[in-house]
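The structure file protein_38.pdb is reproduced below (PDB, C-alpha atoms, pLDDT in the B column).
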ATOM      1  CA  HIS I   3       5.649  -6.483 -17.602  1.00 82.00           C
ATOM      2  CA  VAL I   4       4.031  -4.540 -14.766  1.00 92.00           C
ATOM      3  CA  GLN I   5       5.733  -1.599 -13.108  1.00 96.00           C
ATOM      4  CA  LEU I   6       4.688   0.135  -9.908  1.00 97.00           C
ATOM      5  CA  VAL I   7       5.797   3.550  -8.711  1.00 98.00           C
ATOM      6  CA  GLU I   8       4.855   4.861  -5.294  1.00 98.00           C
ATOM      7  CA  SER I   9       4.689   8.490  -4.250  1.00 98.00           C
ATOM      8  CA  GLY I  10       3.304  10.626  -1.477  1.00 98.00           C
ATOM      9  CA  GLY I  11       5.543   9.690   1.409  1.00 98.00           C
ATOM     10  CA  GLY I  12       7.163  12.228   3.683  1.00 98.00           C
ATOM     11  CA  SER I  13       7.660  13.402   7.236  1.00 98.00           C
ATOM     12  CA  VAL I  14       4.687  14.337   9.381  1.00 98.00           C
ATOM     13  CA  LEU I  15       3.916  14.938  13.009  1.00 98.00           C
ATOM     14  CA  THR I  16       1.926  12.528  15.130  1.00 98.00           C
ATOM     15  CA  GLY I  17      -1.736  12.835  14.269  1.00 98.00           C
ATOM     16  CA  GLY I  18      -1.026  14.023  10.748  1.00 98.00           C
ATOM     17  CA  SER I  19      -2.131  12.559   7.446  1.00 98.00           C
ATOM     18  CA  LEU I  20      -0.580  11.427   4.192  1.00 98.00           C
ATOM     19  CA  ARG I  21      -1.947   9.919   1.015  1.00 98.00           C
ATOM     20  CA  LEU I  22       0.225   7.449  -0.808  1.00 98.00           C
ATOM     21  CA  SER I  23      -0.244   6.717  -4.482  1.00 98.00           C
ATOM     22  CA  CYS I  24       0.884   3.754  -6.530  1.00 98.00           C
ATOM     23  CA  LEU I  25       0.862   4.163 -10.300  1.00 97.00           C
ATOM     24  CA  ILE I  26       0.595   0.799 -12.014  1.00 95.00           C
ATOM     25  CA  SER I  27       1.788   0.655 -15.605  1.00 93.00           C
ATOM     26  CA  GLY I  28       2.133  -2.121 -18.120  1.00 87.00           C
ATOM     27  CA  ARG I  29      -0.627  -4.682 -18.364  1.00 81.00           C
ATOM     28  CA  PRO I  30      -1.906  -5.332 -14.864  1.00 79.00           C
ATOM     29  CA  ASP I  31      -4.155  -8.335 -14.756  1.00 83.00           C
ATOM     30  CA  SER I  32      -7.671  -7.364 -13.714  1.00 80.00           C
ATOM     31  CA  ARG I  33      -7.617 -10.334 -11.355  1.00 82.00           C
ATOM     32  CA  TYR I  34      -4.644  -9.001  -9.421  1.00 91.00           C
ATOM     33  CA  CYS I  35      -4.809  -8.530  -5.700  1.00 95.00           C
ATOM     34  CA  ARG I  36      -3.655  -5.002  -4.864  1.00 96.00           C
ATOM     35  CA  THR I  37      -1.798  -4.599  -1.613  1.00 97.00           C
ATOM     36  CA  TRP I  38       0.098  -2.097   0.502  1.00 98.00           C
ATOM     37  CA  PHE I  39       2.927  -3.410   2.662  1.00 98.00           C
ATOM     38  CA  ARG I  40       5.315  -1.684   5.012  1.00 98.00           C
ATOM     39  CA  GLN I  41       8.658  -2.471   6.549  1.00 98.00           C
ATOM     40  CA  ALA I  42      10.343  -0.650   9.373  1.00 96.00           C
ATOM     41  CA  PRO I  43      14.095  -0.960   9.988  1.00 90.00           C
ATOM     42  CA  GLY I  44      14.908  -4.200  11.764  1.00 93.00           C
ATOM     43  CA  GLU I  45      11.388  -5.532  11.383  1.00 95.00           C
ATOM     44  CA  GLU I  46       9.686  -7.966   9.063  1.00 96.00           C
ATOM     45  CA  ARG I  47       7.604  -6.717   6.188  1.00 96.00           C
ATOM     46  CA  LYS I  48       3.934  -6.500   7.100  1.00 96.00           C
ATOM     47  CA  ARG I  49       0.821  -6.269   5.007  1.00 97.00           C
ATOM     48  CA  VAL I  50      -1.131  -3.104   5.717  1.00 97.00           C
ATOM     49  CA  ALA I  51      -4.198  -3.265   3.503  1.00 98.00           C
ATOM     50  CA  MET I  52      -5.389  -4.990   0.370  1.00 97.00           C
ATOM     51  CA  ILE I  53      -8.092  -5.156  -2.258  1.00 96.00           C
ATOM     52  CA  THR I  54      -8.688  -8.717  -3.315  1.00 93.00           C
ATOM     53  CA  THR I  55      -9.618  -9.997  -6.739  1.00 88.00           C
ATOM     54  CA  ALA I  56     -13.260 -10.046  -5.642  1.00 90.00           C
ATOM     55  CA  GLY I  57     -13.021  -6.449  -4.505  1.00 90.00           C
ATOM     56  CA  THR I  58     -12.951  -7.263  -0.822  1.00 95.00           C
ATOM     57  CA  ILE I  59     -11.018  -4.762   1.259  1.00 97.00           C
ATOM     58  CA  ASP I  60      -9.093  -5.879   4.277  1.00 97.00           C
ATOM     59  CA  TYR I  61      -6.970  -4.025   6.819  1.00 97.00           C
ATOM     60  CA  GLU I  62      -4.529  -5.177   9.402  1.00 97.00           C
ATOM     61  CA  PRO I  63      -5.682  -4.392  12.947  1.00 97.00           C
ATOM     62  CA  PHE I  64      -2.891  -1.919  13.567  1.00 97.00           C
ATOM     63  CA  VAL I  65      -4.228   0.440  10.849  1.00 97.00           C
ATOM     64  CA  ALA I  66      -7.938  -0.341  10.841  1.00 96.00           C
ATOM     65  CA  GLY I  67      -9.994   2.798  11.334  1.00 97.00           C
ATOM     66  CA  ARG I  68      -7.081   5.060  10.416  1.00 98.00           C
ATOM     67  CA  PHE I  69      -6.025   3.976   6.920  1.00 98.00           C
ATOM     68  CA  THR I  70      -8.153   3.647   3.804  1.00 98.00           C
ATOM     69  CA  ILE I  71      -7.153   1.759   0.673  1.00 98.00           C
ATOM     70  CA  SER I  72      -8.793   2.691  -2.592  1.00 97.00           C
ATOM     71  CA  GLU I  73      -8.133   2.659  -6.301  1.00 95.00           C
ATOM     72  CA  ASP I  74      -8.931   4.409  -9.527  1.00 94.00           C
ATOM     73  CA  ARG I  75      -9.083   1.655 -12.113  1.00 90.00           C
ATOM     74  CA  SER I  76      -9.407   4.135 -14.957  1.00 91.00           C
ATOM     75  CA  LYS I  77      -6.020   5.597 -14.045  1.00 93.00           C
ATOM     76  CA  ASN I  78      -4.473   2.378 -12.703  1.00 93.00           C
ATOM     77  CA  VAL I  79      -3.666   4.063  -9.424  1.00 96.00           C
ATOM     78  CA  LEU I  80      -3.839   2.496  -5.982  1.00 97.00           C
ATOM     79  CA  TYR I  81      -4.107   4.793  -2.973  1.00 98.00           C
ATOM     80  CA  LEU I  82      -3.535   4.579   0.747  1.00 98.00           C
ATOM     81  CA  GLN I  83      -5.012   7.400   2.800  1.00 98.00           C
ATOM     82  CA  MET I  84      -3.346   7.460   6.193  1.00 98.00           C
ATOM     83  CA  ASN I  85      -4.891   9.481   9.000  1.00 98.00           C
ATOM     84  CA  ASN I  86      -4.021   9.898  12.662  1.00 98.00           C
ATOM     85  CA  LEU I  87      -0.487   8.754  11.992  1.00 98.00           C
ATOM     86  CA  LYS I  88       1.603   7.456  14.859  1.00 98.00           C
ATOM     87  CA  PRO I  89       5.380   7.134  15.257  1.00 97.00           C
ATOM     88  CA  GLU I  90       5.002   3.356  14.939  1.00 97.00           C
ATOM     89  CA  ASP I  91       3.693   3.898  11.405  1.00 98.00           C
ATOM     90  CA  THR I  92       7.171   4.999  10.373  1.00 98.00           C
ATOM     91  CA  ALA I  93       8.297   2.620   7.635  1.00 98.00           C
ATOM     92  CA  MET I  94       8.997   2.147   3.961  1.00 98.00           C
ATOM     93  CA  TYR I  95       5.650   1.625   2.276  1.00 98.00           C
ATOM     94  CA  LYS I  96       5.429  -0.455  -0.861  1.00 98.00           C
ATOM     95  CA  CYS I  97       2.583  -1.376  -3.153  1.00 98.00           C
ATOM     96  CA  ALA I  98       2.379  -4.775  -4.770  1.00 97.00           C
ATOM     97  CA  VAL I  99       0.072  -6.564  -7.176  1.00 96.00           C
ATOM     98  CA  GLY I 100      -0.259 -10.176  -8.176  1.00 93.00           C
ATOM     99  CA  LEU I 101      -2.541 -13.156  -8.379  1.00 91.00           C
ATOM    100  CA  SER I 102      -1.477 -14.060  -4.857  1.00 90.00           C
ATOM    101  CA  CYS I 103      -2.431 -11.628  -2.116  1.00 89.00           C
ATOM    102  CA  SER I 104       0.103 -13.060   0.290  1.00 88.00           C
ATOM    103  CA  SER I 105       2.972 -13.305  -2.195  1.00 91.00           C
ATOM    104  CA  PRO I 106       2.501 -10.783  -4.977  1.00 94.00           C
ATOM    105  CA  ASN I 107       5.152 -10.854  -7.651  1.00 93.00           C
ATOM    106  CA  ASN I 108       5.122  -7.225  -8.774  1.00 95.00           C
ATOM    107  CA  TRP I 109       6.528  -4.623  -6.408  1.00 97.00           C
ATOM    108  CA  GLY I 110       7.290  -0.949  -6.348  1.00 97.00           C
ATOM    109  CA  GLN I 111      10.443   0.587  -4.922  1.00 97.00           C
ATOM    110  CA  GLY I 112       8.648   2.125  -1.999  1.00 98.00           C
ATOM    111  CA  THR I 113       8.070   5.518  -0.426  1.00 98.00           C
ATOM    112  CA  GLN I 114       9.288   6.457   3.031  1.00 98.00           C
ATOM    113  CA  VAL I 115       6.877   7.603   5.727  1.00 98.00           C
ATOM    114  CA  THR I 116       8.308   9.131   8.889  1.00 98.00           C
ATOM    115  CA  VAL I 117       6.117  10.146  11.811  1.00 98.00           C
ATOM    116  CA  SER I 118       7.594  12.039  14.729  1.00 97.00           C
TER
END
File written out as structure tokens:
Amino acid sequence: HVQLVESGGGSVLTGGSLRLSCLISGRPDSRYCRTWFRQAPGEERKRVAMITTAGTIDYEPFVAGRFTISEDRSKNVLYLQMNNLKPEDTAMYKCAVGLSCSSPNNWGQGTQVTVS
């Protein structure tokens, strides 16, 4: 059983930065796709960034150049460095892992990011 716990969210001003962390415990499959999603109130959940099984990193256009996904495999931690934050980045951010990048089956509870 895999558990994910996010941390690092908070309230920042426009242009500020935050680094989110996702601690992955249990027995995460080394083949898992590791993904950050976000969901703002009244909106659909959107993928933000991911690291595929092959190690390919991909970003959605609305965060490309501002956000950086990374991981420390030795600690089983997934990160999301967010720079130049905008009010439209305000959302609940969740990490997820699974064999499917588009429909991962292991999710964290999320951490709130508010940009004003």
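For the file at hand, the PyMOL selection byres ((chain I and resi 20) around 7) resolves to Gly10, Gly11, Ser19, Arg21, Leu22, Gln83, Met84 and Asn85 of chain I.
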Dump as a PyMOL selection string all residues having an atom at most 12 Å from (-9.7, -10.2, -3.9), computed in the file's coordinates with all atoms listed in the file. chain I and resi 32-37+51-60+99-104
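The residue that comes closest to Arg68 of chain I, out of I:Leu6, I:Ala93, I:Leu87, I:Leu80 and on the basis of only C-alpha atoms, is I:Leu87.
The space separating atom CA of Val7 of chain I from atom CA of Leu25 of chain I comes to 5.2 Å.
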I need the residue set behind the PyMOL selection byres ((chain I and resi 15) around 8) for this file; please write it as a PDB file with C-alpha atoms, in the frame of the given file.
ATOM      1  CA  SER I  13       7.660  13.402   7.236  1.00 98.00           C
ATOM      2  CA  VAL I  14       4.687  14.337   9.381  1.00 98.00           C
ATOM      3  CA  THR I  16       1.926  12.528  15.130  1.00 98.00           C
ATOM      4  CA  GLY I  17      -1.736  12.835  14.269  1.00 98.00           C
ATOM      5  CA  GLY I  18      -1.026  14.023  10.748  1.00 98.00           C
ATOM      6  CA  LEU I  87      -0.487   8.754  11.992  1.00 98.00           C
ATOM      7  CA  VAL I 117       6.117  10.146  11.811  1.00 98.00           C
ATOM      8  CA  SER I 118       7.594  12.039  14.729  1.00 97.00           C
TER       9      SER I 118
END
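Proximity ranking of I:Pro43, I:Leu82, I:Gln5, I:Glu90 relative to Phe64 of chain I places I:Glu90 first, based on only C-alpha atoms.
Across I:Glu8, I:Glu62, I:Lys48, I:Gly112, the tightest approach to Cys24 of chain I is made by I:Glu8 when counting all atoms listed in the file.
Take atom CA of Ile71 of chain I and atom CA of Trp38 of chain I: the distance between them is 8.2 Å.
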Selection near Arg40 of chain I, 9 Å with all atoms listed in the file, sequence-local residues under 3 positions removed, as a VMD selection string: chain I and resid 46 to 50 91 to 97 112
Test item: axis-aligned box, all listed atoms of segment 79-87 of chain I, 3 Å on each side, centre and edges in Å rounded to one decimal, as JSON:
{"center_x": -2.7, "center_y": 6.2, "center_z": 1.6, "size_x": 10.5, "size_y": 13.4, "size_z": 28.1}
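Residue nearest Ser23 of chain I, chosen from I:Arg75, I:Ser105, I:Tyr81, I:Phe69 and counting all atoms listed in the file: I:Tyr81.
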Run the PyMOL selection byres ((chain I and resi 108) around 6) on the file and write out the hits as a PDB file with C-alpha atoms, keeping the file's coordinate frame.
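Below you can see out_3.pdb, which holds the result:
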ATOM      1  CA  ALA I  98       2.379  -4.775  -4.770  1.00 97.00           C
ATOM      2  CA  VAL I  99       0.072  -6.564  -7.176  1.00 96.00           C
ATOM      3  CA  PRO I 106       2.501 -10.783  -4.977  1.00 94.00           C
ATOM      4  CA  ASN I 107       5.152 -10.854  -7.651  1.00 93.00           C
ATOM      5  CA  TRP I 109       6.528  -4.623  -6.408  1.00 97.00           C
TER       6      TRP I 109
END
Min atom-atom distance to Thr70 of chain I from the set I:Gly44, I:Gly28, I:Gly12, I:Asn86, counting only C-alpha atoms, belongs to I:Asn86
Could you work out how far atom CA of Gln41 of chain I lies from atom CA of Gly67 of chain I, giving the answer in Å with one decimal? 20.0 Å
Subset file: segment 74-89 of chain I, all heavy atoms, as a compact mmCIF listing (two decimals), in the first residue's frame:
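What landed in selection-v9.txt:
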# COMPACT_ATOMS: atom_id res chain seq x y z
N ASP I 74 13.80 12.94 -5.30
CA ASP I 74 14.94 12.32 -4.63
C ASP I 74 14.54 10.88 -4.38
O ASP I 74 13.79 10.59 -3.44
CB ASP I 74 15.23 13.06 -3.31
CG ASP I 74 16.48 12.53 -2.61
OD1 ASP I 74 16.83 11.35 -2.82
OD2 ASP I 74 17.09 13.29 -1.85
N ARG I 75 14.99 9.99 -5.24
CA ARG I 75 14.60 8.59 -5.14
C ARG I 75 15.08 7.95 -3.84
O ARG I 75 14.42 7.06 -3.31
CB ARG I 75 15.15 7.81 -6.34
CG ARG I 75 14.45 8.09 -7.65
CD ARG I 75 13.09 7.46 -7.72
NE ARG I 75 12.54 7.43 -9.05
CZ ARG I 75 12.34 6.32 -9.74
NH1 ARG I 75 12.63 5.15 -9.22
NH2 ARG I 75 11.83 6.38 -10.94
N SER I 76 16.21 8.42 -3.35
CA SER I 76 16.75 7.83 -2.12
C SER I 76 15.86 8.11 -0.92
O SER I 76 15.83 7.34 0.04
CB SER I 76 18.16 8.34 -1.85
OG SER I 76 18.16 9.72 -1.54
N LYS I 77 15.13 9.21 -0.99
CA LYS I 77 14.24 9.60 0.10
C LYS I 77 12.78 9.38 -0.25
O LYS I 77 11.89 9.63 0.57
CB LYS I 77 14.45 11.06 0.47
CG LYS I 77 15.85 11.38 0.97
CD LYS I 77 15.99 12.87 1.28
CE LYS I 77 17.38 13.19 1.78
NZ LYS I 77 17.55 14.65 2.05
N ASN I 78 12.52 8.95 -1.49
CA ASN I 78 11.14 8.78 -1.96
C ASN I 78 10.34 10.07 -1.82
O ASN I 78 9.21 10.08 -1.31
CB ASN I 78 10.44 7.64 -1.22
CG ASN I 78 10.69 6.30 -1.87
OD1 ASN I 78 11.05 6.22 -3.05
ND2 ASN I 78 10.51 5.24 -1.13
N VAL I 79 10.93 11.15 -2.26
CA VAL I 79 10.26 12.45 -2.19
C VAL I 79 10.18 13.04 -3.60
O VAL I 79 11.16 13.05 -4.34
CB VAL I 79 10.98 13.43 -1.27
CG1 VAL I 79 10.24 14.76 -1.24
CG2 VAL I 79 11.06 12.86 0.14
N LEU I 80 9.01 13.52 -3.93
CA LEU I 80 8.75 14.22 -5.18
C LEU I 80 8.59 15.70 -4.86
O LEU I 80 7.93 16.04 -3.88
CB LEU I 80 7.48 13.67 -5.84
CG LEU I 80 7.09 14.23 -7.19
CD1 LEU I 80 8.09 13.81 -8.26
CD2 LEU I 80 5.67 13.76 -7.55
N TYR I 81 9.19 16.55 -5.67
CA TYR I 81 9.14 17.99 -5.42
C TYR I 81 8.47 18.73 -6.58
O TYR I 81 8.44 18.27 -7.71
CB TYR I 81 10.55 18.56 -5.24
CG TYR I 81 11.32 17.98 -4.09
CD1 TYR I 81 12.32 17.02 -4.31
CD2 TYR I 81 11.08 18.40 -2.78
CE1 TYR I 81 13.04 16.49 -3.26
CE2 TYR I 81 11.79 17.85 -1.72
CZ TYR I 81 12.77 16.91 -1.97
OH TYR I 81 13.48 16.38 -0.92
N LEU I 82 7.97 19.91 -6.24
CA LEU I 82 7.51 20.84 -7.27
C LEU I 82 7.95 22.23 -6.84
O LEU I 82 7.39 22.80 -5.91
CB LEU I 82 5.99 20.79 -7.45
CG LEU I 82 5.46 21.65 -8.59
CD1 LEU I 82 5.91 21.07 -9.93
CD2 LEU I 82 3.92 21.72 -8.55
N GLN I 83 8.96 22.74 -7.51
CA GLN I 83 9.42 24.11 -7.26
C GLN I 83 8.59 25.05 -8.12
O GLN I 83 8.54 24.88 -9.35
CB GLN I 83 10.90 24.24 -7.61
CG GLN I 83 11.45 25.65 -7.47
CD GLN I 83 11.49 26.13 -6.03
OE1 GLN I 83 11.88 25.39 -5.13
NE2 GLN I 83 11.07 27.37 -5.80
N MET I 84 7.95 26.00 -7.48
CA MET I 84 7.07 26.92 -8.19
C MET I 84 7.59 28.33 -8.04
O MET I 84 7.66 28.87 -6.92
CB MET I 84 5.64 26.81 -7.63
CG MET I 84 5.10 25.38 -7.63
SD MET I 84 3.37 25.29 -7.12
CE MET I 84 3.51 25.86 -5.43
N ASN I 85 7.97 28.93 -9.14
CA ASN I 85 8.48 30.30 -9.16
C ASN I 85 7.55 31.21 -9.94
O ASN I 85 6.73 30.75 -10.73
CB ASN I 85 9.87 30.34 -9.78
CG ASN I 85 10.89 29.52 -9.02
OD1 ASN I 85 10.83 29.42 -7.78
ND2 ASN I 85 11.84 28.95 -9.73
N ASN I 86 7.70 32.49 -9.71
CA ASN I 86 6.89 33.50 -10.40
C ASN I 86 5.40 33.13 -10.34
O ASN I 86 4.71 33.10 -11.37
CB ASN I 86 7.34 33.63 -11.86
CG ASN I 86 6.73 34.82 -12.56
OD1 ASN I 86 6.29 35.77 -11.92
ND2 ASN I 86 6.68 34.77 -13.88
N LEU I 87 4.93 32.88 -9.15
CA LEU I 87 3.55 32.44 -8.98
C LEU I 87 2.58 33.55 -9.34
O LEU I 87 2.85 34.74 -9.13
CB LEU I 87 3.33 31.97 -7.55
CG LEU I 87 3.90 30.58 -7.25
CD1 LEU I 87 4.05 30.38 -5.74
CD2 LEU I 87 2.99 29.51 -7.84
N LYS I 88 1.44 33.12 -9.88
CA LYS I 88 0.39 34.03 -10.31
C LYS I 88 -0.90 33.68 -9.57
O LYS I 88 -1.07 32.55 -9.11
CB LYS I 88 0.17 33.88 -11.82
CG LYS I 88 1.41 34.07 -12.66
CD LYS I 88 1.12 33.79 -14.13
CE LYS I 88 2.36 33.95 -14.98
NZ LYS I 88 2.09 33.67 -16.41
N PRO I 89 -1.81 34.63 -9.47
CA PRO I 89 -3.09 34.33 -8.79
C PRO I 89 -3.81 33.12 -9.39
O PRO I 89 -4.46 32.36 -8.67
CB PRO I 89 -3.90 35.62 -8.99
CG PRO I 89 -2.85 36.68 -9.06
CD PRO I 89 -1.70 36.06 -9.81
